[in-house]
Structures are given as C-alpha cells and as structure tokens.
file target-v5.cif (mmCIF, C-alpha atoms, pLDDT in the B column; chains and numbers go by the auth columns)
data_coords
loop_
_atom_site.group_PDB
_atom_site.id
_atom_site.type_symbol
_atom_site.label_atom_id
_atom_site.label_comp_id
_atom_site.label_asym_id
_atom_site.label_seq_id
_atom_site.Cartn_x
_atom_site.Cartn_y
_atom_site.Cartn_z
_atom_site.B_iso_or_equiv
_atom_site.auth_seq_id
_atom_site.auth_asym_id
ATOM 1 C CA MET A 1 35.974 -14.071 -4.416 73.00 1 A
ATOM 2 C CA GLU A 2 34.284 -11.374 -2.359 94.00 2 A
ATOM 3 C CA THR A 3 32.941 -9.696 -5.511 94.00 3 A
ATOM 4 C CA GLU A 4 31.408 -12.940 -6.716 95.00 4 A
ATOM 5 C CA GLU A 5 29.679 -13.471 -3.360 95.00 5 A
ATOM 6 C CA ARG A 6 28.292 -9.949 -3.457 96.00 6 A
ATOM 7 C CA ILE A 7 26.985 -10.483 -6.977 96.00 7 A
ATOM 8 C CA ASN A 8 25.328 -13.761 -5.915 96.00 8 A
ATOM 9 C CA ASP A 9 23.787 -11.998 -2.904 97.00 9 A
ATOM 10 C CA LEU A 10 22.442 -9.197 -5.107 97.00 10 A
ATOM 11 C CA GLN A 11 21.026 -11.723 -7.573 97.00 11 A
ATOM 12 C CA SER A 12 19.293 -13.558 -4.741 97.00 12 A
ATOM 13 C CA ARG A 13 17.818 -10.342 -3.421 97.00 13 A
ATOM 14 C CA LEU A 14 16.633 -9.354 -6.882 98.00 14 A
ATOM 15 C CA ALA A 15 14.944 -12.733 -7.371 97.00 15 A
ATOM 16 C CA PHE A 16 13.231 -12.422 -3.984 98.00 16 A
ATOM 17 C CA GLN A 17 12.069 -8.889 -4.795 98.00 17 A
ATOM 18 C CA ASP A 18 10.731 -10.024 -8.173 98.00 18 A
ATOM 19 C CA ASP A 19 8.760 -12.800 -6.474 98.00 19 A
ATOM 20 C CA THR A 20 7.426 -10.374 -3.867 98.00 20 A
ATOM 21 C CA ILE A 21 6.384 -7.833 -6.489 98.00 21 A
ATOM 22 C CA GLN A 22 4.591 -10.540 -8.483 98.00 22 A
ATOM 23 C CA ALA A 23 2.779 -11.792 -5.368 98.00 23 A
ATOM 24 C CA LEU A 24 1.702 -8.260 -4.474 98.00 24 A
ATOM 25 C CA ASN A 25 0.528 -7.652 -8.029 98.00 25 A
ATOM 26 C CA ASP A 26 -1.493 -10.882 -8.004 98.00 26 A
ATOM 27 C CA ALA A 27 -3.108 -9.876 -4.702 98.00 27 A
ATOM 28 C CA LEU A 28 -3.912 -6.422 -6.063 98.00 28 A
ATOM 29 C CA VAL A 29 -5.520 -7.881 -9.184 98.00 29 A
ATOM 30 C CA ALA A 30 -7.622 -10.243 -7.060 98.00 30 A
ATOM 31 C CA GLN A 31 -8.745 -7.380 -4.812 98.00 31 A
ATOM 32 C CA GLN A 32 -9.642 -5.236 -7.821 98.00 32 A
ATOM 33 C CA ARG A 33 -11.780 -8.040 -9.257 98.00 33 A
ATOM 34 C CA LEU A 34 -13.505 -8.481 -5.899 98.00 34 A
ATOM 35 C CA LEU A 35 -14.115 -4.755 -5.622 98.00 35 A
ATOM 36 C CA GLU A 36 -15.651 -4.653 -9.089 98.00 36 A
ATOM 37 C CA ARG A 37 -17.965 -7.579 -8.230 98.00 37 A
ATOM 38 C CA LEU A 38 -19.011 -5.899 -4.986 98.00 38 A
ATOM 39 C CA GLN A 39 -19.738 -2.643 -6.811 98.00 39 A
ATOM 40 C CA LEU A 40 -21.970 -4.522 -9.253 98.00 40 A
ATOM 41 C CA GLN A 41 -23.761 -6.254 -6.380 98.00 41 A
ATOM 42 C CA VAL A 42 -24.339 -2.968 -4.564 97.00 42 A
ATOM 43 C CA ALA A 43 -25.683 -1.393 -7.750 97.00 43 A
ATOM 44 C CA ALA A 44 -28.039 -4.364 -8.219 97.00 44 A
ATOM 45 C CA LEU A 45 -29.218 -4.089 -4.609 96.00 45 A
ATOM 46 C CA ILE A 46 -29.880 -0.368 -4.992 95.00 46 A
ATOM 47 C CA LYS A 47 -31.866 -1.023 -8.162 94.00 47 A
ATOM 48 C CA ARG A 48 -33.831 -3.793 -6.459 94.00 48 A
ATOM 49 C CA GLN A 49 -34.513 -1.599 -3.430 92.00 49 A
ATOM 50 C CA ASP A 50 -35.807 1.155 -5.699 90.00 50 A
ATOM 51 C CA GLU A 51 -38.051 -1.332 -7.523 88.00 51 A
ATOM 52 C CA VAL A 52 -39.459 -2.753 -4.298 89.00 52 A
ATOM 53 C CA GLY A 53 -39.959 0.735 -2.907 81.00 53 A
ATOM 54 C CA SER A 54 -41.914 1.768 -5.982 83.00 54 A
ATOM 55 C CA GLN A 55 -44.090 -1.363 -5.752 82.00 55 A
ATOM 56 C CA PHE A 56 -45.148 -0.390 -2.249 79.00 56 A
ATOM 57 C CA GLY A 57 -45.655 3.223 -3.186 72.00 57 A
ATOM 58 C CA LEU A 58 -42.832 4.623 -1.092 60.00 58 A
ATOM 59 C CA ALA A 59 -41.470 7.916 -2.260 56.00 59 A
ATOM 60 C CA GLU A 60 -37.691 8.107 -2.583 55.00 60 A
ATOM 61 C CA ASP A 61 -37.436 10.823 0.057 59.00 61 A
ATOM 62 C CA GLU A 62 -39.856 9.064 2.406 64.00 62 A
ATOM 63 C CA ALA A 63 -38.124 7.299 5.271 69.00 63 A
ATOM 64 C CA PRO A 64 -39.321 3.832 6.279 68.00 64 A
ATOM 65 C CA PRO A 65 -41.280 3.499 9.514 72.00 65 A
ATOM 66 C CA PRO A 66 -39.179 3.288 12.705 80.00 66 A
ATOM 67 C CA HIS A 67 -39.901 -0.416 13.210 80.00 67 A
ATOM 68 C CA TYR A 68 -37.823 -1.284 10.125 63.00 68 A
#

call {"tool": "encode", "arguments": {"input": "target-v5.cif", "output": "structure tokens"}}
result
Amino acid sequence: METEERINDLQSRLAFQDDTIQALNDALVAQQRLLERLQLQVAALIKRQDEVGSQFGLAEDEAPPPHY
C-alpha cells in the first residue's frame, strides 16, 4: 500500500509541475510578444523623430535647446 501511495504522490507532483511549466511557458510567450511590439513601437518612434528633426532642419548630432 505504501508503494501505491508514493506512486500517486509522484503522479500528483508531476501533474502540478506540468501545469506550472505550461503556465510559465504561456507567460514567456506573452512577454516575448509584448517585447516584439514594444521594439516595433520604439523603432517607429525613432523613425518619426528623425523625420520631424529633418523637417525642422536639425542635424542628427545637434542637441535640442535646453528648454526642451
């Protein structure tokens, strides 16, 4: 009887670990998607900043005035 209880305990632990691993994987996938979206947004902002800077005639190495 003790062996059967130990097997049941191990099966329960394995099921819990499988659920935990799946939850962690799902969270990691969601974070990766968010990171990719943020990288695209940052790239778009950099491009837009460069476009706006060129419209106002600011050189890339020219710092904005201190009041900005």

call {"tool": "atom_distance", "arguments": {"input": "target-v5.cif", "atom1": "atom CA of Ile7 of chain A", "atom2": "atom CA of Asp26 of chain A"}}
result
28.5 Å

call {"tool": "atom_distance", "arguments": {"input": "target-v5.cif", "atom1": "atom CA of Ile46 of chain A", "atom2": "atom CA of Val29 of chain A"}}
result
25.8 Å

call {"tool": "atom_distance", "arguments": {"input": "target-v5.cif", "atom1": "atom CA of Ala23 of chain A", "atom2": "atom CA of Leu10 of chain A"}}
result
19.8 Å
